[in-house]
file start38.pdb (PDB, C-alpha atoms and all ligand atoms)
ATOM      1  CA  MET A   1     -38.563 -22.159 -35.907  1.00  0.00           C
ATOM      2  CA  GLY A   2     -39.440 -18.536 -36.532  1.00  0.00           C
ATOM      3  CA  ALA A   3     -42.475 -18.462 -34.279  1.00  0.00           C
ATOM      4  CA  GLY A   4     -40.636 -16.460 -31.642  1.00  0.00           C
ATOM      5  CA  ILE A   5     -39.718 -13.594 -33.913  1.00  0.00           C
ATOM      6  CA  TRP A   6     -43.250 -13.283 -35.275  1.00  0.00           C
ATOM      7  CA  LYS A   7     -44.655 -13.352 -31.773  1.00  0.00           C
ATOM      8  CA  SER A   8     -42.357 -10.533 -30.705  1.00  0.00           C
ATOM      9  CA  LEU A   9     -43.006  -8.681 -33.944  1.00  0.00           C
ATOM     10  CA  TRP A  10     -46.732  -8.668 -33.393  1.00  0.00           C
ATOM     11  CA  GLN A  11     -46.297  -7.821 -29.760  1.00  0.00           C
ATOM     12  CA  GLY A  12     -44.229  -4.872 -30.954  1.00  0.00           C
ATOM     13  CA  ILE A  13     -46.866  -3.746 -33.429  1.00  0.00           C
ATOM     14  CA  LEU A  14     -49.782  -4.261 -31.115  1.00  0.00           C
ATOM     15  CA  GLY A  15     -48.069  -3.182 -27.948  1.00  0.00           C
ATOM     16  CA  GLY A  16     -49.721   0.115 -27.242  1.00  0.00           C
ATOM     17  CA  GLY A  17     -49.351   1.939 -30.522  1.00  0.00           C
ATOM     18  CA  THR A  18     -46.363   3.965 -29.413  1.00  0.00           C
ATOM     19  CA  ALA A  19     -43.775   1.370 -30.300  1.00  0.00           C
ATOM     20  CA  THR A  20     -42.006   3.638 -32.767  1.00  0.00           C
ATOM     21  CA  THR A  21     -40.961   5.959 -29.999  1.00  0.00           C
ATOM     22  CA  ARG A  22     -39.995   3.301 -27.484  1.00  0.00           C
ATOM     23  CA  SER A  23     -36.446   3.954 -26.417  1.00  0.00           C
ATOM     24  CA  ILE A  24     -33.932   1.225 -26.048  1.00  0.00           C
ATOM     25  CA  VAL A  25     -30.611   1.453 -24.307  1.00  0.00           C
ATOM     26  CA  GLU A  26     -27.901   0.192 -26.568  1.00  0.00           C
ATOM     27  CA  GLY A  27     -25.077   2.653 -26.136  1.00  0.00           C
ATOM     28  CA  GLU A  28     -21.443   1.993 -26.854  1.00  0.00           C
ATOM     29  CA  SER A  29     -20.320   3.353 -23.521  1.00  0.00           C
ATOM     30  CA  GLY A  30     -21.901   0.809 -21.217  1.00  0.00           C
ATOM     31  CA  SER A  31     -22.089   3.554 -18.635  1.00  0.00           C
ATOM     32  CA  GLY A  32     -25.753   2.983 -17.896  1.00  0.00           C
ATOM     33  CA  GLY A  33     -27.892   5.858 -16.746  1.00  0.00           C
ATOM     34  CA  ALA A  34     -26.562   8.705 -18.834  1.00  0.00           C
ATOM     35  CA  CYS A  35     -26.729   6.738 -22.042  1.00  0.00           C
ATOM     36  CA  GLY A  36     -29.258   8.147 -24.469  1.00  0.00           C
ATOM     37  CA  ALA A  37     -30.121  11.054 -22.236  1.00  0.00           C
ATOM     38  CA  GLY A  38     -29.453  13.526 -25.008  1.00  0.00           C
ATOM     39  CA  GLY A  39     -31.214  13.634 -28.349  1.00  0.00           C
ATOM     40  CA  THR A  40     -34.597  12.070 -28.723  1.00  0.00           C
ATOM     41  CA  GLY A  41     -34.455  11.728 -32.486  1.00  0.00           C
ATOM     42  CA  ALA A  42     -37.218  14.264 -32.871  1.00  0.00           C
ATOM     43  CA  ALA A  43     -36.402  17.885 -33.517  1.00  0.00           C
ATOM     44  CA  SER A  44     -38.743  20.610 -32.316  1.00  0.00           C
ATOM     45  CA  ALA A  45     -40.677  22.631 -34.890  1.00  0.00           C
ATOM     46  CA  GLU A  46     -38.422  25.637 -34.247  1.00  0.00           C
ATOM     47  CA  SER A  47     -35.207  23.715 -34.716  1.00  0.00           C
ATOM     48  CA  ARG A  48     -36.574  22.056 -37.886  1.00  0.00           C
ATOM     49  CA  VAL A  49     -37.071  25.493 -39.405  1.00  0.00           C
ATOM     50  CA  ALA A  50     -33.572  26.531 -38.395  1.00  0.00           C
ATOM     51  CA  TRP A  51     -31.941  23.328 -39.716  1.00  0.00           C
ATOM     52  CA  LYS A  52     -33.855  23.703 -42.964  1.00  0.00           C
ATOM     53  CA  ARG A  53     -32.159  27.057 -43.481  1.00  0.00           C
ATOM     54  CA  LEU A  54     -28.694  25.656 -42.729  1.00  0.00           C
ATOM     55  CA  LEU A  55     -28.774  22.379 -44.675  1.00  0.00           C
ATOM     56  CA  PRO A  56     -29.097  21.377 -48.338  1.00  0.00           C
ATOM     57  CA  PRO A  57     -32.626  20.001 -48.985  1.00  0.00           C
ATOM     58  CA  ASP A  58     -31.501  16.383 -49.490  1.00  0.00           C
ATOM     59  CA  SER A  59     -29.497  16.374 -46.259  1.00  0.00           C
ATOM     60  CA  PHE A  60     -32.400  17.932 -44.362  1.00  0.00           C
ATOM     61  CA  ARG A  61     -34.762  15.249 -45.674  1.00  0.00           C
ATOM     62  CA  VAL A  62     -32.498  12.444 -44.413  1.00  0.00           C
ATOM     63  CA  LEU A  63     -31.630  14.047 -41.087  1.00  0.00           C
ATOM     64  CA  PHE A  64     -34.977  15.434 -40.002  1.00  0.00           C
ATOM     65  CA  ASP A  65     -37.560  13.482 -42.033  1.00  0.00           C
ATOM     66  CA  GLU A  66     -35.835  10.103 -41.666  1.00  0.00           C
ATOM     67  CA  GLY A  67     -35.239   9.854 -45.390  1.00  0.00           C
ATOM     68  CA  THR A  68     -32.871   7.376 -47.046  1.00  0.00           C
ATOM     69  CA  GLU A  69     -30.561   8.135 -49.919  1.00  0.00           C
ATOM     70  CA  PRO A  70     -30.411   5.679 -52.862  1.00  0.00           C
ATOM     71  CA  PRO A  71     -27.635   3.068 -52.493  1.00  0.00           C
ATOM     72  CA  HIS A  72     -24.284   3.815 -54.196  1.00  0.00           C
ATOM     73  CA  SER A  73     -25.396   7.425 -54.593  1.00  0.00           C
ATOM     74  CA  HIS A  74     -23.084   9.201 -52.164  1.00  0.00           C
ATOM     75  CA  PRO A  75     -19.309   9.626 -52.526  1.00  0.00           C
ATOM     76  CA  LEU A  76     -18.735   8.955 -48.807  1.00  0.00           C
ATOM     77  CA  ASN A  77     -19.705   5.334 -49.488  1.00  0.00           C
ATOM     78  CA  ARG A  78     -16.342   5.020 -51.243  1.00  0.00           C
ATOM     79  CA  GLU A  79     -14.389   7.260 -48.876  1.00  0.00           C
ATOM     80  CA  LYS A  80     -11.332   5.360 -47.640  1.00  0.00           C
ATOM     81  CA  GLY A  81      -9.361   8.238 -46.136  1.00  0.00           C
ATOM     82  CA  ASP A  82      -8.089   8.494 -42.583  1.00  0.00           C
ATOM     83  CA  GLY A  83     -10.185  10.857 -40.483  1.00  0.00           C
ATOM     84  CA  THR A  84     -13.438  11.530 -38.698  1.00  0.00           C
ATOM     85  CA  PHE A  85     -17.060  11.448 -39.831  1.00  0.00           C
ATOM     86  CA  VAL A  86     -19.129  14.186 -38.208  1.00  0.00           C
ATOM     87  CA  CYS A  87     -22.871  14.892 -38.222  1.00  0.00           C
ATOM     88  CA  ALA A  88     -23.693  17.009 -41.284  1.00  0.00           C
ATOM     89  CA  ALA A  89     -26.048  19.124 -39.192  1.00  0.00           C
ATOM     90  CA  CYS A  90     -24.383  19.916 -35.859  1.00  0.00           C
ATOM     91  CA  HIS A  91     -20.832  18.603 -36.571  1.00  0.00           C
ATOM     92  CA  GLN A  92     -20.790  16.204 -33.611  1.00  0.00           C
ATOM     93  CA  PRO A  93     -18.079  13.568 -34.325  1.00  0.00           C
ATOM     94  CA  LEU A  94     -19.862  10.231 -34.848  1.00  0.00           C
ATOM     95  CA  PHE A  95     -17.453   7.724 -36.427  1.00  0.00           C
ATOM     96  CA  ASP A  96     -13.714   7.241 -36.862  1.00  0.00           C
ATOM     97  CA  SER A  97     -12.517   6.088 -40.294  1.00  0.00           C
ATOM     98  CA  ARG A  98     -10.998   3.016 -38.573  1.00  0.00           C
ATOM     99  CA  GLN A  99     -14.577   1.946 -37.836  1.00  0.00           C
ATOM    100  CA  LYS A 100     -15.573   2.097 -41.517  1.00  0.00           C
ATOM    101  CA  TYR A 101     -15.670  -0.940 -43.773  1.00  0.00           C
ATOM    102  CA  ASP A 102     -17.112  -1.886 -47.161  1.00  0.00           C
ATOM    103  CA  SER A 103     -20.326  -3.767 -46.507  1.00  0.00           C
ATOM    104  CA  GLY A 104     -21.211  -3.949 -50.205  1.00  0.00           C
ATOM    105  CA  THR A 105     -24.632  -2.411 -49.502  1.00  0.00           C
ATOM    106  CA  GLY A 106     -23.933   0.910 -51.206  1.00  0.00           C
ATOM    107  CA  TRP A 107     -24.184   2.943 -47.985  1.00  0.00           C
ATOM    108  CA  PRO A 108     -21.316   4.088 -45.764  1.00  0.00           C
ATOM    109  CA  SER A 109     -20.979   1.309 -43.192  1.00  0.00           C
ATOM    110  CA  PHE A 110     -19.277   1.161 -39.812  1.00  0.00           C
ATOM    111  CA  HIS A 111     -18.719  -1.640 -37.309  1.00  0.00           C
ATOM    112  CA  GLY A 112     -18.655   0.739 -34.351  1.00  0.00           C
ATOM    113  CA  ALA A 113     -19.267   4.355 -33.400  1.00  0.00           C
ATOM    114  CA  LEU A 114     -17.520   6.936 -31.235  1.00  0.00           C
ATOM    115  CA  PRO A 115     -18.486   6.745 -27.535  1.00  0.00           C
ATOM    116  CA  ASP A 116     -21.731   8.469 -26.545  1.00  0.00           C
ATOM    117  CA  ALA A 117     -22.238   9.840 -30.087  1.00  0.00           C
ATOM    118  CA  LEU A 118     -25.483   8.065 -30.989  1.00  0.00           C
ATOM    119  CA  GLY A 119     -28.970   7.599 -29.607  1.00  0.00           C
ATOM    120  CA  PHE A 120     -31.162   4.643 -30.563  1.00  0.00           C
ATOM    121  CA  LYS A 121     -34.820   3.828 -31.020  1.00  0.00           C
ATOM    122  CA  ARG A 122     -36.826   1.009 -32.541  1.00  0.00           C
ATOM    123  CA  ASP A 123     -38.767   1.730 -35.689  1.00  0.00           C
ATOM    124  CA  TYR A 124     -41.307  -0.318 -37.623  1.00  0.00           C
ATOM    125  CA  LEU A 125     -41.322   1.599 -40.913  1.00  0.00           C
ATOM    126  CA  LEU A 126     -40.707  -1.645 -42.815  1.00  0.00           C
ATOM    127  CA  VAL A 127     -42.859  -3.732 -40.433  1.00  0.00           C
ATOM    128  CA  VAL A 128     -39.861  -5.783 -39.343  1.00  0.00           C
ATOM    129  CA  PRO A 129     -38.411  -3.976 -36.346  1.00  0.00           C
ATOM    130  CA  ARG A 130     -35.173  -2.124 -36.964  1.00  0.00           C
ATOM    131  CA  THR A 131     -32.990  -0.072 -34.693  1.00  0.00           C
ATOM    132  CA  GLU A 132     -32.799   3.513 -35.858  1.00  0.00           C
ATOM    133  CA  TYR A 133     -29.936   5.672 -34.629  1.00  0.00           C
ATOM    134  CA  HIS A 134     -29.427   9.397 -34.578  1.00  0.00           C
ATOM    135  CA  CYS A 135     -26.881  12.001 -33.576  1.00  0.00           C
ATOM    136  CA  VAL A 136     -27.190  12.353 -29.827  1.00  0.00           C
ATOM    137  CA  ALA A 137     -26.410  16.072 -29.963  1.00  0.00           C
ATOM    138  CA  CYS A 138     -28.999  17.335 -32.486  1.00  0.00           C
ATOM    139  CA  GLY A 139     -31.302  14.324 -32.883  1.00  0.00           C
ATOM    140  CA  GLY A 140     -30.648  14.163 -36.639  1.00  0.00           C
ATOM    141  CA  HIS A 141     -31.398  10.741 -38.162  1.00  0.00           C
ATOM    142  CA  GLN A 142     -28.281   8.943 -39.406  1.00  0.00           C
ATOM    143  CA  GLY A 143     -29.238   5.360 -40.261  1.00  0.00           C
ATOM    144  CA  HIS A 144     -30.027   1.902 -38.886  1.00  0.00           C
ATOM    145  CA  VAL A 145     -27.845  -0.591 -37.035  1.00  0.00           C
ATOM    146  CA  PHE A 146     -27.992  -4.306 -37.828  1.00  0.00           C
ATOM    147  CA  THR A 147     -26.366  -7.357 -36.287  1.00  0.00           C
ATOM    148  CA  ASP A 148     -24.746  -8.772 -39.432  1.00  0.00           C
ATOM    149  CA  GLY A 149     -21.539  -6.737 -39.211  1.00  0.00           C
ATOM    150  CA  PRO A 150     -17.982  -8.059 -39.001  1.00  0.00           C
ATOM    151  CA  PRO A 151     -16.420  -9.366 -35.778  1.00  0.00           C
ATOM    152  CA  PRO A 152     -15.689  -8.500 -33.085  1.00  0.00           C
ATOM    153  CA  SER A 153     -18.676  -6.128 -32.717  1.00  0.00           C
ATOM    154  CA  GLY A 154     -20.932  -7.960 -35.169  1.00  0.00           C
ATOM    155  CA  LYS A 155     -22.638  -4.622 -35.774  1.00  0.00           C
ATOM    156  CA  ARG A 156     -23.313  -2.883 -39.061  1.00  0.00           C
ATOM    157  CA  TYR A 157     -24.134   0.795 -38.813  1.00  0.00           C
ATOM    158  CA  CYS A 158     -25.741   1.538 -42.178  1.00  0.00           C
ATOM    159  CA  ASN A 159     -25.427   5.308 -42.545  1.00  0.00           C
ATOM    160  CA  ASN A 160     -26.627   7.889 -45.017  1.00  0.00           C
ATOM    161  CA  GLY A 161     -23.710   9.752 -46.610  1.00  0.00           C
ATOM    162  CA  LEU A 162     -25.938  12.847 -46.785  1.00  0.00           C
ATOM    163  CA  ALA A 163     -26.046  12.930 -42.987  1.00  0.00           C
ATOM    164  CA  LEU A 164     -22.246  12.942 -42.615  1.00  0.00           C
ATOM    165  CA  LYS A 165     -19.238  15.084 -43.405  1.00  0.00           C
ATOM    166  CA  PHE A 166     -15.746  13.604 -43.649  1.00  0.00           C
ATOM    167  CA  ILE A 167     -12.893  15.513 -42.052  1.00  0.00           C
ATOM    168  CA  PRO A 168      -9.409  14.192 -42.955  1.00  0.00           C
ATOM    169  CA  ARG A 169      -7.044  13.548 -40.021  1.00  0.00           C
ATOM    170  CA  GLY A 170      -4.942  16.604 -39.338  1.00  0.00           C
ATOM    171  CA  GLU A 171      -7.645  19.054 -40.381  1.00  0.00           C
ATOM    172  CA  ALA A 172      -9.455  20.883 -37.597  1.00  0.00           C
ATOM    173  CA  LEU A 173     -12.895  19.484 -36.845  1.00  0.00           C
ATOM    174  CA  PRO A 174     -15.618  22.030 -37.676  1.00  0.00           C
ATOM    175  CA  SER A 175     -17.047  23.862 -34.695  1.00  0.00           C
ATOM    176  CA  ARG A 176     -20.181  22.446 -33.245  1.00  0.00           C
ATOM    177  CA  ARG A 177     -23.317  24.335 -34.232  1.00  0.00           C
ATOM    178  CA  ASP A 178     -26.911  24.162 -33.155  1.00  0.00           C
ATOM    179  CA  ALA A 179     -30.155  25.060 -34.852  1.00  0.00           C
ATOM    180  CA  GLY A 180     -30.026  28.504 -33.269  1.00  0.00           C
ATOM    181  CA  ALA A 181     -26.629  29.304 -34.786  1.00  0.00           C
ATOM    182  CA  HIS A 182     -26.470  32.217 -37.186  1.00  0.00           C
TER     183      HIS A 182
HETATM  184 ZN    ZN B   1     -25.970  16.206 -35.047  1.00  0.00          ZN
END

call {"tool": "encode", "arguments": {"input": "start38.pdb", "output": "structure tokens"}}
result
Amino acid sequence: MGAGIWKSLWQGILGGGTATTRSIVEGESGSGGACGAGGTGAASAESRVAWKRLLPPDSFRVLFDEGTEPPHSHPLNREKGDGTFVCAACHQPLFDSRQKYDSGTGWPSFHGALPDALGFKRDYLLVVPRTEYHCVACGGHQGHVFTDGPPPSGKRYCNNGLALKFIPRGEALPSRRDAGAH
């Protein structure tokens, strides 16, 4: 028991040295080809400069340097209102409040995401492979998805509050913006 996971772990580490950028297809839409065709999770140097101007430093660090906020540090962890969670950078809607639940981890947690909102990639920052996800529109890092979530999805999207904004139902969603916006 356990030999299989270590074998695949080492294959992942040793498999060509570019494992951190290997894309996997794990979209919510199930539509196949188009899934993940958008953001790559890596912003260009020009857009990094532009996002840095638009975002508070702690949000920029999470979104574009794959940072992680301390657990229990962000008010959105406790947000229980009805509404939509959008990307703090480009305002792409990512999660509905009906997908949120209290995982007890100290980070905003969701058991599902809005269709076609997220892109995925494997990362090995903690040696054990994890699935990183990012906003498909701007590539901004949001969090990691695990398989210990509640049924029926069994997924746990562990998100940084700093990478989200909450828009209560009934309020207009903020207009989408890109790194070139003034
Ligand atoms: Zn975004």

call {"tool": "atom_distance", "arguments": {"input": "start38.pdb", "atom1": "CA of Cys90 in chain A", "atom2": "CA of Asp178 in chain A"}}
result
5.6 Å

call {"tool": "residues_near_ligand", "arguments": {"input": "start38.pdb", "ligand": "ligand ZN 1 (chain B)", "cutoff": "8 Å", "atoms": "all atoms listed in the file", "output": "mmCIF file with C-alpha atoms, keeping the file's coordinate frame"}}
result
data_model
loop_
_atom_site.group_PDB
_atom_site.id
_atom_site.type_symbol
_atom_site.label_atom_id
_atom_site.label_comp_id
_atom_site.auth_asym_id
_atom_site.auth_seq_id
_atom_site.Cartn_x
_atom_site.Cartn_y
_atom_site.Cartn_z
ATOM 1 C CA VAL A 86 -19.129 14.186 -38.208
ATOM 2 C CA CYS A 87 -22.871 14.892 -38.222
ATOM 3 C CA ALA A 88 -23.693 17.009 -41.284
ATOM 4 C CA ALA A 89 -26.048 19.124 -39.192
ATOM 5 C CA CYS A 90 -24.383 19.916 -35.859
ATOM 6 C CA HIS A 91 -20.832 18.603 -36.571
ATOM 7 C CA GLN A 92 -20.790 16.204 -33.611
ATOM 8 C CA HIS A 134 -29.427 9.397 -34.578
ATOM 9 C CA CYS A 135 -26.881 12.001 -33.576
ATOM 10 C CA VAL A 136 -27.190 12.353 -29.827
ATOM 11 C CA ALA A 137 -26.410 16.072 -29.963
ATOM 12 C CA CYS A 138 -28.999 17.335 -32.486
ATOM 13 C CA GLY A 139 -31.302 14.324 -32.883
ATOM 14 C CA GLY A 140 -30.648 14.163 -36.639
#

call {"tool": "atom_distance", "arguments": {"input": "start38.pdb", "atom1": "CA of Arg177 in chain A", "atom2": "CA of Leu55 in chain A"}}
result
11.9 Å

call {"tool": "resolve_selection", "arguments": {"input": "start38.pdb", "expression": "the PyMOL selection byres (((chain A and resi 62) around 10) and not hetatm)", "output": "ChimeraX atom specification"}}
result
/A:57-61,63-69,140-143,160-163

call {"tool": "resolve_selection", "arguments": {"input": "start38.pdb", "expression": "the PyMOL selection byres (((chain A and resi 151) around 12) and not hetatm)", "output": "PDB file with C-alpha atoms, in the coordinates of the input"}}
result
ATOM      1  CA  GLN A  99     -14.577   1.946 -37.836  1.00  0.00           C
ATOM      2  CA  TYR A 101     -15.670  -0.940 -43.773  1.00  0.00           C
ATOM      3  CA  PHE A 110     -19.277   1.161 -39.812  1.00  0.00           C
ATOM      4  CA  HIS A 111     -18.719  -1.640 -37.309  1.00  0.00           C
ATOM      5  CA  GLY A 112     -18.655   0.739 -34.351  1.00  0.00           C
ATOM      6  CA  THR A 147     -26.366  -7.357 -36.287  1.00  0.00           C
ATOM      7  CA  ASP A 148     -24.746  -8.772 -39.432  1.00  0.00           C
ATOM      8  CA  GLY A 149     -21.539  -6.737 -39.211  1.00  0.00           C
ATOM      9  CA  PRO A 150     -17.982  -8.059 -39.001  1.00  0.00           C
ATOM     10  CA  PRO A 152     -15.689  -8.500 -33.085  1.00  0.00           C
ATOM     11  CA  SER A 153     -18.676  -6.128 -32.717  1.00  0.00           C
ATOM     12  CA  GLY A 154     -20.932  -7.960 -35.169  1.00  0.00           C
ATOM     13  CA  LYS A 155     -22.638  -4.622 -35.774  1.00  0.00           C
ATOM     14  CA  ARG A 156     -23.313  -2.883 -39.061  1.00  0.00           C
TER      15      ARG A 156
END

call {"tool": "closest_residue", "arguments": {"input": "start38.pdb", "among": "A:Leu173, A:Gly106, A:Tyr157, A:Arg130", "to": "Pro75 in chain A", "atoms": "only C-alpha atoms"}}
result
A:Gly106

call {"tool": "atom_distance", "arguments": {"input": "start38.pdb", "atom1": "CA of Asp116 in chain A", "atom2": "CA of Ser47 in chain A"}}
result
21.9 Å

call {"tool": "closest_residue", "arguments": {"input": "start38.pdb", "among": "A:Ser44, A:Ser73, A:Asn159, A:Ser175", "to": "Phe95 in chain A", "atoms": "all atoms listed in the file"}}
result
A:Asn159

call {"tool": "axis_aligned_box", "arguments": {"input": "start38.pdb", "around": "range 78-88 of chain A", "padding_each_side": "5 Å", "output": "JSON"}}
result
{"center_x": -15.9, "center_y": 11.0, "center_z": -44.7, "size_x": 25.6, "size_y": 22.0, "size_z": 23.0}

call {"tool": "resolve_selection", "arguments": {"input": "start38.pdb", "expression": "the PyMOL selection byres (((chain A and resi 132) around 7) and not hetatm)", "output": "list in words"}}
result
Phe120, Lys121, Arg122, Asp123, Arg130, Thr131, Tyr133, His134, Gly143, His144 and Val145 of chain A

call {"tool": "closest_residue", "arguments": {"input": "start38.pdb", "among": "A:Leu125, A:Leu164, A:Leu54, A:Leu94", "to": "Pro108 in chain A", "atoms": "only C-alpha atoms"}}
result
A:Leu164

call {"tool": "closest_residue", "arguments": {"input": "start38.pdb", "among": "A:Gly170, A:Pro56, A:Leu118, A:Ala50", "to": "Thr84 in chain A", "atoms": "all atoms listed in the file"}}
result
A:Gly170
